[in-house]
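K.L.:
Right, I'll just put the structure down here and ask away after.
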Amino acid sequence: MVKYFVDFMLAIVLTAISYDLGSLLISGGIAFWQALLIGFSVVSLGALTEAVGAPIWLIVLVPFPVGMILLFFFLGASVGQWFLTYLTTLGIYTVFHIVMSYFFYFHSLIPAWKLSQK
């Protein structure tokens, strides 16, 4: 149970850092508490979807709209700038996943996309 909680918190923080960096690089940034709220919402929704026994594709898909909508509201930018910020965030998120999965065997960011052999 402790390992799950630590993994859950790590996934929230890494997701929040992705949103924070993505927004900083493209649009001047959102407050870190907003990035944490997005991270908490996205990871929690993914965890709940997994807990009810949903298929892997749904576990990965369900959190996306929540992150997109929250980023749009917190960013307060044009749709074009929001979309570019979101794409940047996804790029950063993907790099985090590759590093965490390959070197640390951590799959909580994208459970269906296991890059390591453990």
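Labels for the structure tokens follow display order: chains A, B, ..., residues from 1 in each chain, ligands from 1.
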Determine, counting only C-alpha atoms, which protein, DNA and RNA residues have an atom within 12 Å of an atom of Ile38 of chain A; residues of the same chain fewer than 3 positions away are not included. Present the result as a ChimeraX atom specification.
P.N.:
/A:11-20,30-35,41-45,63-75,89
K.L.:
Limited to N, CA and C atoms, could you put the picked residues into a file as an mmCIF file, in the first residue's frame?
P.N.:
```
data_model
loop_
_atom_site.group_PDB
_atom_site.id
_atom_site.type_symbol
_atom_site.label_atom_id
_atom_site.label_comp_id
_atom_site.auth_asym_id
_atom_site.auth_seq_id
_atom_site.Cartn_x
_atom_site.Cartn_y
_atom_site.Cartn_z
ATOM 1 N N ALA A 11 3.799 9.996 -9.632
ATOM 2 C CA ALA A 11 3.111 10.225 -10.903
ATOM 3 C C ALA A 11 2.461 11.606 -10.932
ATOM 4 N N ILE A 12 1.872 12.026 -9.824
ATOM 5 C CA ILE A 12 1.260 13.365 -9.745
ATOM 6 C C ILE A 12 2.319 14.436 -9.930
ATOM 7 N N VAL A 13 3.433 14.312 -9.227
ATOM 8 C CA VAL A 13 4.489 15.326 -9.308
ATOM 9 C C VAL A 13 5.085 15.384 -10.712
ATOM 10 N N LEU A 14 5.375 14.243 -11.314
ATOM 11 C CA LEU A 14 5.956 14.240 -12.657
ATOM 12 C C LEU A 14 4.971 14.791 -13.694
ATOM 13 N N THR A 15 3.699 14.480 -13.528
ATOM 14 C CA THR A 15 2.686 15.032 -14.429
ATOM 15 C C THR A 15 2.592 16.544 -14.246
ATOM 16 N N ALA A 16 2.609 16.990 -12.998
ATOM 17 C CA ALA A 16 2.551 18.429 -12.717
ATOM 18 C C ALA A 16 3.762 19.152 -13.301
ATOM 19 N N ILE A 17 4.940 18.566 -13.160
ATOM 20 C CA ILE A 17 6.145 19.184 -13.726
ATOM 21 C C ILE A 17 6.026 19.281 -15.240
ATOM 22 N N SER A 18 5.447 18.263 -15.873
ATOM 23 C CA SER A 18 5.240 18.302 -17.327
ATOM 24 C C SER A 18 4.357 19.480 -17.722
ATOM 25 N N TYR A 19 3.247 19.649 -17.016
ATOM 26 C CA TYR A 19 2.340 20.761 -17.316
ATOM 27 C C TYR A 19 2.996 22.103 -17.016
ATOM 28 N N ASP A 20 3.744 22.165 -15.921
ATOM 29 C CA ASP A 20 4.405 23.416 -15.556
ATOM 30 C C ASP A 20 5.451 23.802 -16.599
ATOM 31 N N ILE A 30 1.788 28.602 -15.954
ATOM 32 C CA ILE A 30 0.674 28.595 -15.015
ATOM 33 C C ILE A 30 1.299 28.483 -13.625
ATOM 34 N N ALA A 31 0.536 28.772 -12.607
ATOM 35 C CA ALA A 31 1.035 28.629 -11.235
ATOM 36 C C ALA A 31 1.292 27.151 -10.951
ATOM 37 N N PHE A 32 2.310 26.876 -10.129
ATOM 38 C CA PHE A 32 2.626 25.475 -9.871
ATOM 39 C C PHE A 32 1.488 24.750 -9.168
ATOM 40 N N TRP A 33 0.723 25.448 -8.341
ATOM 41 C CA TRP A 33 -0.416 24.796 -7.687
ATOM 42 C C TRP A 33 -1.447 24.366 -8.729
ATOM 43 N N GLN A 34 -1.552 25.126 -9.827
ATOM 44 C CA GLN A 34 -2.467 24.740 -10.900
ATOM 45 C C GLN A 34 -1.950 23.492 -11.608
ATOM 46 N N ALA A 35 -0.643 23.441 -11.826
ATOM 47 C CA ALA A 35 -0.046 22.253 -12.436
ATOM 48 C C ALA A 35 -0.238 21.037 -11.525
ATOM 49 N N SER A 41 -5.586 15.578 -10.708
ATOM 50 C CA SER A 41 -6.829 15.201 -11.394
ATOM 51 C C SER A 41 -6.586 14.119 -12.440
ATOM 52 N N VAL A 42 -5.549 14.307 -13.241
ATOM 53 C CA VAL A 42 -5.259 13.361 -14.323
ATOM 54 C C VAL A 42 -4.863 12.001 -13.759
ATOM 55 N N VAL A 43 -3.950 11.994 -12.802
ATOM 56 C CA VAL A 43 -3.481 10.722 -12.229
ATOM 57 C C VAL A 43 -4.597 10.032 -11.451
ATOM 58 N N SER A 44 -5.371 10.788 -10.686
ATOM 59 C CA SER A 44 -6.476 10.197 -9.916
ATOM 60 C C SER A 44 -7.519 9.577 -10.834
ATOM 61 N N LEU A 45 -7.859 10.280 -11.897
ATOM 62 C CA LEU A 45 -8.841 9.744 -12.836
ATOM 63 C C LEU A 45 -8.323 8.474 -13.511
ATOM 64 N N PRO A 63 -8.078 10.192 -18.884
ATOM 65 C CA PRO A 63 -7.543 11.411 -18.254
ATOM 66 C C PRO A 63 -7.237 12.562 -19.222
ATOM 67 N N PHE A 64 -7.054 12.280 -20.503
ATOM 68 C CA PHE A 64 -6.663 13.323 -21.453
ATOM 69 C C PHE A 64 -7.610 14.524 -21.474
ATOM 70 N N PRO A 65 -8.913 14.347 -21.615
ATOM 71 C CA PRO A 65 -9.790 15.524 -21.673
ATOM 72 C C PRO A 65 -9.739 16.375 -20.410
ATOM 73 N N VAL A 66 -9.554 15.742 -19.258
ATOM 74 C CA VAL A 66 -9.499 16.493 -18.003
ATOM 75 C C VAL A 66 -8.273 17.401 -17.997
ATOM 76 N N GLY A 67 -7.125 16.856 -18.361
ATOM 77 C CA GLY A 67 -5.906 17.660 -18.426
ATOM 78 C C GLY A 67 -6.023 18.774 -19.442
ATOM 79 N N MET A 68 -6.621 18.480 -20.577
ATOM 80 C CA MET A 68 -6.773 19.481 -21.628
ATOM 81 C C MET A 68 -7.687 20.626 -21.176
ATOM 82 N N ILE A 69 -8.803 20.293 -20.585
ATOM 83 C CA ILE A 69 -9.769 21.310 -20.149
ATOM 84 C C ILE A 69 -9.197 22.166 -19.024
ATOM 85 N N LEU A 70 -8.580 21.523 -18.035
ATOM 86 C CA LEU A 70 -7.999 22.288 -16.931
ATOM 87 C C LEU A 70 -6.880 23.207 -17.419
ATOM 88 N N LEU A 71 -6.042 22.711 -18.316
ATOM 89 C CA LEU A 71 -4.985 23.556 -18.867
ATOM 90 C C LEU A 71 -5.579 24.744 -19.610
ATOM 91 N N PHE A 72 -6.628 24.511 -20.365
ATOM 92 C CA PHE A 72 -7.270 25.593 -21.110
ATOM 93 C C PHE A 72 -7.782 26.684 -20.159
ATOM 94 N N PHE A 73 -8.442 26.281 -19.088
ATOM 95 C CA PHE A 73 -8.975 27.264 -18.140
ATOM 96 C C PHE A 73 -7.867 27.990 -17.376
ATOM 97 N N PHE A 74 -6.863 27.259 -16.926
ATOM 98 C CA PHE A 74 -5.791 27.884 -16.157
ATOM 99 C C PHE A 74 -4.893 28.762 -17.027
ATOM 100 N N LEU A 75 -4.699 28.363 -18.260
ATOM 101 C CA LEU A 75 -3.805 29.098 -19.149
ATOM 102 C C LEU A 75 -4.392 30.436 -19.558
ATOM 103 N N THR A 89 3.482 19.940 -23.557
ATOM 104 C CA THR A 89 3.326 19.210 -22.299
ATOM 105 C C THR A 89 3.352 17.702 -22.555
#
```
K.L.:
May I have all residues of chain A that DSSP, computed from the backbone, assigns to helix (DSSP H, G or I), given as a ChimeraX atom specification?
P.N.:
/A:2-27,32-51,56-61,63-75,79-104
K.L.:
Find the residue from A:Leu21, A:Gly29, A:Phe40, A:Leu61 that sits nearest to Phe96 of chain A; use only C-alpha atoms when measuring.
P.N.:
A:Leu21
K.L.:
Kindly give the distance, in Å, that separates atom CA of Leu48 of chain A and atom CA of Met1 of chain A, rounded to a single decimal.
P.N.:
15.5 Å
